[in-house]
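To start, the structure itself, in structure tokens.
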Amino acid sequence: QALEKNDYEPVLQKEDFCTSMHAGCTALENVFAVKKGTGAGDDAILITAHYDSAPVAPGAGDDLAAVAAMLETARLVANESFENDVIFLLADGEETGLRGAMAFAEHSPEMARVKLVLNFEGRGVAGPSAMFETSRNNRQLINIYAKASSRPVANSLMYDIYRKMPNNTDLTIYKQAGAAGLNFAFSRGVALYHSSRDSAENLSLNSLAHHGDNMLSVLRQTGSLDLSSLEAKGDSTFVDLFGLTLLHWPAALNLPAALA
């Protein structure tokens with residue numbers, strides 16, 4: 001209803017989907033809407049969050065805060081023009097093995113056009129919306145994020161630690177499908193994660209607002225961008241300066257600088 005109120009035409013992707021990541025199947029109901037761009041329609045940006053939660057958890061932080069931020073972002077840009085199409089995806093089945101993302105990536109014809117994915121998660125109920133994961137060859141992505149965000153929270157060390165952990169989010173699926181991506185999450189109050197206390201009463205509204213700020217600002221920065229530029233080779237090293245600005249430089253300079 002929130003999407004329809006702003007003149008979007010939601011599509012229901014409904015299917016039983018089985019994976020080997022976690023044994024079993026899930027009766028999925030993904031919901032997505034496409035904001036048509038002014039360009040040829042060859043490229044699209046996917047903004048996504050999952051709306052299912054762990055069995056015992058109300059899911060306010062994981063991941064309904066991101067869903068709320070997405071619906072508000074969709075409302076705010078409803079009358080704005082972008083060259084690229086924008087797909088807003090409310091994914092199902094993340095907690096049972098990323099199945100909603102897999103179903104969209106494998107069965108939706110929209111996926112073939114997706115060049116950039118912005119995924120939003122929660123591993124707690126408070127804290128800044130930190131950009132903790134990128135796709136490889138991220139130099140252009142980091143440039144975009146640095147320009148877009150007024151309150152950037154990110155560093156390369158955070159990403160390197162995450163890569164070594166046995167964790168996955170829906171962005172894992174889209175990266176495997178060849179899309180570039182940025183992943184955001186807040187993670188304070190992790191003791192409430194996947195518990196009955198992951199509730200609206202315990203959710204930080206500042207964290208919700210920061211999710212929305214990141215989502216809206218990066219979308220506006222990339223909405224009319226030539227998304228083929230994201231394929232530029234090379235990674236960046238980056239660190240935020242107290243959440244005020246993002247310092248970043250080509251990672252290829254790290255060794256020469258250390259030697260010097």
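Chain labels A, B, ... are given in the sequence in which chains occur in the structure tokens; within each chain residues are numbered consecutively from 1, and ligands are likewise numbered from 1 in the order shown.
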
Tell me, as a PyMOL selection string, which residues lie within 10 Å of A:Asp92, counting only C-alpha atoms; anything in the same chain fewer than 4 positions away does not count. chain A and resi 13-14+26-31+49-53+96+98-101+103-104

Dump C-alpha atoms for the selected residues as a CSV table (one decimal), in the first residue's frame?
chain,number,residue,atom,x,y,z
A,13,GLN,CA,7.2,-12.8,-6.9
A,14,LYS,CA,5.7,-15.8,-5.2
A,26,THR,CA,10.8,-21.6,1.8
A,27,ALA,CA,7.4,-20.3,0.5
A,28,LEU,CA,8.6,-17.0,-0.7
A,29,GLU,CA,6.8,-13.7,-1.4
A,30,ASN,CA,9.2,-11.1,-2.7
A,31,VAL,CA,7.7,-7.7,-3.4
A,49,ALA,CA,16.3,-5.2,2.4
A,50,HIS,CA,14.7,-8.3,3.7
A,51,TYR,CA,11.4,-8.2,5.6
A,52,ASP,CA,11.4,-11.6,7.3
A,53,SER,CA,12.9,-12.1,10.7
A,96,THR,CA,16.3,-19.2,6.0
A,98,LEU,CA,19.1,-15.9,1.5
A,99,ARG,CA,16.4,-17.6,-0.6
A,100,GLY,CA,14.5,-14.5,-1.5
A,101,ALA,CA,17.6,-12.9,-3.0
A,103,ALA,CA,15.0,-16.4,-6.2
A,104,PHE,CA,15.1,-12.8,-7.5

List every residue of stretch 52-110 of chain A that DSSP, applied to the backbone of this structure, assigns to alpha helix (DSSP H), and report them as a VMD selection string. chain A and resid 65 to 76 99 to 107

Nearby residues (only C-alpha atoms) at most 9 Å from A:Lys175, same-chain spacing under 6 positions excluded, as a ChimeraX atom specification: /A:117,135-136,181

Could you save those same residues with C-alpha atoms as an mmCIF file, in the first residue's frame?
data_model
loop_
_atom_site.group_PDB
_atom_site.id
_atom_site.type_symbol
_atom_site.label_atom_id
_atom_site.label_comp_id
_atom_site.auth_asym_id
_atom_site.auth_seq_id
_atom_site.Cartn_x
_atom_site.Cartn_y
_atom_site.Cartn_z
ATOM 1 C CA VAL A 117 23.023 -3.152 -5.495
ATOM 2 C CA SER A 135 32.265 -5.668 -4.260
ATOM 3 C CA ARG A 136 35.766 -6.055 -5.684
ATOM 4 C CA GLY A 181 27.409 -3.411 -4.468
#

Using only C-alpha atoms, what does the table of stretch 85-148 of chain A residues within 12 Å of stretch 55-71 of chain A look like, with each row giving the shortest atom pair and its distance in Å to one decimal, sorted by chain and ascending number, as JSON lines?
{"residue": "A:Val86", "atom": "CA", "partner": "A:Met70", "partner_atom": "CA", "distance": 11.7}
{"residue": "A:Ile87", "atom": "CA", "partner": "A:Met70", "partner_atom": "CA", "distance": 10.7}
{"residue": "A:Phe88", "atom": "CA", "partner": "A:Met70", "partner_atom": "CA", "distance": 7.3}
{"residue": "A:Leu89", "atom": "CA", "partner": "A:Met70", "partner_atom": "CA", "distance": 8.8}
{"residue": "A:Leu90", "atom": "CA", "partner": "A:Val67", "partner_atom": "CA", "distance": 7.0}
{"residue": "A:Ala91", "atom": "CA", "partner": "A:Val67", "partner_atom": "CA", "distance": 9.5}
{"residue": "A:Asp92", "atom": "CA", "partner": "A:Asp63", "partner_atom": "CA", "distance": 10.8}
{"residue": "A:Gly93", "atom": "CA", "partner": "A:Pro55", "partner_atom": "CA", "distance": 11.6}
{"residue": "A:Glu94", "atom": "CA", "partner": "A:Asp63", "partner_atom": "CA", "distance": 9.8}
{"residue": "A:Glu95", "atom": "CA", "partner": "A:Pro55", "partner_atom": "CA", "distance": 8.9}
{"residue": "A:Thr96", "atom": "CA", "partner": "A:Pro55", "partner_atom": "CA", "distance": 10.1}
{"residue": "A:Leu118", "atom": "CA", "partner": "A:Met70", "partner_atom": "CA", "distance": 10.5}
{"residue": "A:Asn119", "atom": "CA", "partner": "A:Ala66", "partner_atom": "CA", "distance": 8.8}
{"residue": "A:Phe120", "atom": "CA", "partner": "A:Ala66", "partner_atom": "CA", "distance": 5.8}
{"residue": "A:Glu121", "atom": "CA", "partner": "A:Asp63", "partner_atom": "CA", "distance": 5.8}
{"residue": "A:Gly122", "atom": "CA", "partner": "A:Asp62", "partner_atom": "CA", "distance": 4.5}
{"residue": "A:Arg123", "atom": "CA", "partner": "A:Asp62", "partner_atom": "CA", "distance": 6.3}
{"residue": "A:Gly124", "atom": "CA", "partner": "A:Gly61", "partner_atom": "CA", "distance": 6.0}
{"residue": "A:Val125", "atom": "CA", "partner": "A:Gly61", "partner_atom": "CA", "distance": 4.9}
{"residue": "A:Ala126", "atom": "CA", "partner": "A:Gly61", "partner_atom": "CA", "distance": 7.9}
{"residue": "A:Gly127", "atom": "CA", "partner": "A:Gly61", "partner_atom": "CA", "distance": 10.7}
{"residue": "A:Ser129", "atom": "CA", "partner": "A:Ala66", "partner_atom": "CA", "distance": 10.1}

Serialized selection, N, CA and C atoms, as a compact mmCIF listing (two decimals), in the first residue's frame:
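Output file selection-v6.txt is given in full below:
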# COMPACT_ATOMS: atom_id res chain seq x y z
N VAL A 86 15.30 2.23 -11.18
CA VAL A 86 15.56 1.90 -9.78
C VAL A 86 14.55 0.83 -9.37
N ILE A 87 15.06 -0.27 -8.82
CA ILE A 87 14.21 -1.36 -8.35
C ILE A 87 14.26 -1.38 -6.83
N PHE A 88 13.11 -1.26 -6.21
CA PHE A 88 12.99 -1.37 -4.75
C PHE A 88 12.49 -2.78 -4.44
N LEU A 89 13.32 -3.58 -3.77
CA LEU A 89 12.99 -4.98 -3.50
C LEU A 89 12.87 -5.25 -2.01
N LEU A 90 11.70 -5.69 -1.59
CA LEU A 90 11.49 -6.19 -0.23
C LEU A 90 11.61 -7.71 -0.32
N ALA A 91 12.72 -8.23 0.16
CA ALA A 91 13.04 -9.65 -0.04
C ALA A 91 12.56 -10.49 1.12
N ASP A 92 12.13 -11.67 0.81
CA ASP A 92 11.68 -12.66 1.79
C ASP A 92 12.77 -13.73 1.94
N GLY A 93 12.70 -14.51 3.01
CA GLY A 93 13.51 -15.71 3.14
C GLY A 93 14.99 -15.50 3.36
N GLU A 94 15.40 -14.33 3.83
CA GLU A 94 16.83 -14.13 4.10
C GLU A 94 17.29 -14.99 5.27
N GLU A 95 16.47 -15.05 6.30
CA GLU A 95 16.87 -15.77 7.51
C GLU A 95 16.93 -17.28 7.30
N THR A 96 16.27 -17.78 6.27
CA THR A 96 16.28 -19.22 6.01
C THR A 96 17.28 -19.61 4.93
N LEU A 118 22.38 -1.82 -3.58
CA LEU A 118 22.54 -1.21 -2.26
C LEU A 118 21.73 -2.07 -1.30
N ASN A 119 22.42 -2.79 -0.41
CA ASN A 119 21.76 -3.70 0.53
C ASN A 119 21.86 -3.13 1.94
N PHE A 120 20.77 -3.25 2.70
CA PHE A 120 20.73 -2.67 4.04
C PHE A 120 20.32 -3.74 5.04
N GLU A 121 21.10 -3.83 6.13
CA GLU A 121 20.95 -4.88 7.13
C GLU A 121 20.97 -4.30 8.54
N GLY A 122 20.73 -5.17 9.52
CA GLY A 122 20.85 -4.79 10.92
C GLY A 122 21.37 -5.96 11.73
N ARG A 123 22.39 -5.70 12.53
CA ARG A 123 22.91 -6.74 13.42
C ARG A 123 22.91 -6.20 14.85
N GLY A 124 21.80 -5.62 15.22
CA GLY A 124 21.64 -4.98 16.51
C GLY A 124 20.46 -4.04 16.41
N VAL A 125 20.42 -3.06 17.31
CA VAL A 125 19.29 -2.13 17.31
C VAL A 125 19.74 -0.67 17.36
N ALA A 126 21.05 -0.43 17.27
CA ALA A 126 21.54 0.94 17.40
C ALA A 126 22.88 1.08 16.69
N GLY A 127 23.41 2.29 16.74
CA GLY A 127 24.71 2.56 16.12
C GLY A 127 24.58 3.12 14.73
N SER A 129 24.85 3.61 10.67
CA SER A 129 24.68 2.76 9.49
C SER A 129 26.03 2.73 8.77

Of the listed residues A:Lys233, A:His210, A:Lys115, A:Lys147, that which approaches A:Ile45 most closely, counting only C-alpha atoms: A:Lys115

Contact residues around stretch 159-161 of chain A with only C-alpha atoms at 7 Å, ignoring same-chain residues under 3 positions, as a VMD selection string: chain A and resid 132 to 133 155 to 156 164 to 165

Produce a file of the selected residues containing C-alpha atoms, as an mmCIF file, in the first residue's frame.
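again19.cif written:
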data_model
loop_
_atom_site.group_PDB
_atom_site.id
_atom_site.type_symbol
_atom_site.label_atom_id
_atom_site.label_comp_id
_atom_site.auth_asym_id
_atom_site.auth_seq_id
_atom_site.Cartn_x
_atom_site.Cartn_y
_atom_site.Cartn_z
ATOM 1 C CA PHE A 132 30.945 -2.622 5.867
ATOM 2 C CA GLU A 133 31.211 -4.445 2.529
ATOM 3 C CA ASN A 155 36.918 1.579 6.834
ATOM 4 C CA SER A 156 38.857 -1.040 4.916
ATOM 5 C CA LYS A 164 37.075 -13.570 6.979
ATOM 6 C CA MET A 165 33.887 -14.265 8.954
#

Counting only C-alpha atoms, which of A:Asp235, A:Asp213, A:Asp170, A:Glu72 gets nearest to A:Ile142?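 Checking each candidate against A:Ile142, we get A:Asp235 as the closest.
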
So what do you get for atom CA of A:Ser207 versus atom CA of A:Ala130, distance-wise?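 Separation of atom CA of A:Ser207 and atom CA of A:Ala130: 9.7 Å.
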
Go ahead and compute the interatomic distance for atom CA of A:Arg139 and atom CA of A:Ala232, in Å to one decimal.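 Atom CA of A:Ala232 lies at a distance of 7.4 Å from atom CA of A:Arg139.
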
Excluding A:Glu231 and any residue of its chain fewer than 3 positions from it, enumerate the residues within 10 Å of it, using only C-alpha atoms, and give them as a VMD selection string. chain A and resid 115 136 to 141 179 to 180 227 to 228 234

Shell around A:Met111 at 10 Å using only C-alpha atoms, local window under 2 positions removed, as a PyMOL selection string: chain A and resi 43-46+87+104-109+113-115+174+177+179

Can you measure atom CA of A:Phe82 to atom CA of A:Lys5 for me? One decimal in Å is fine.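 We find that atom CA of A:Phe82 and atom CA of A:Lys5 lie 20.1 Å from each other.
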
Of the listed residues A:Ser20, A:Ser150, A:Gln176, A:Thr134, that which approaches A:Tyr162 most closely, counting only C-alpha atoms: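 Between A:Ser20, A:Ser150, A:Gln176, A:Thr134, the residue approaching A:Tyr162 most closely is A:Thr134.
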
Test item, strand (DSSP E or B) assignment across stretch 8-245 of chain A, answer as number ranges by chain: A: 11-18, 25-35, 44-50, 85-91, 114-122, 126, 130-134, 155, 180-186, 188, 236-240
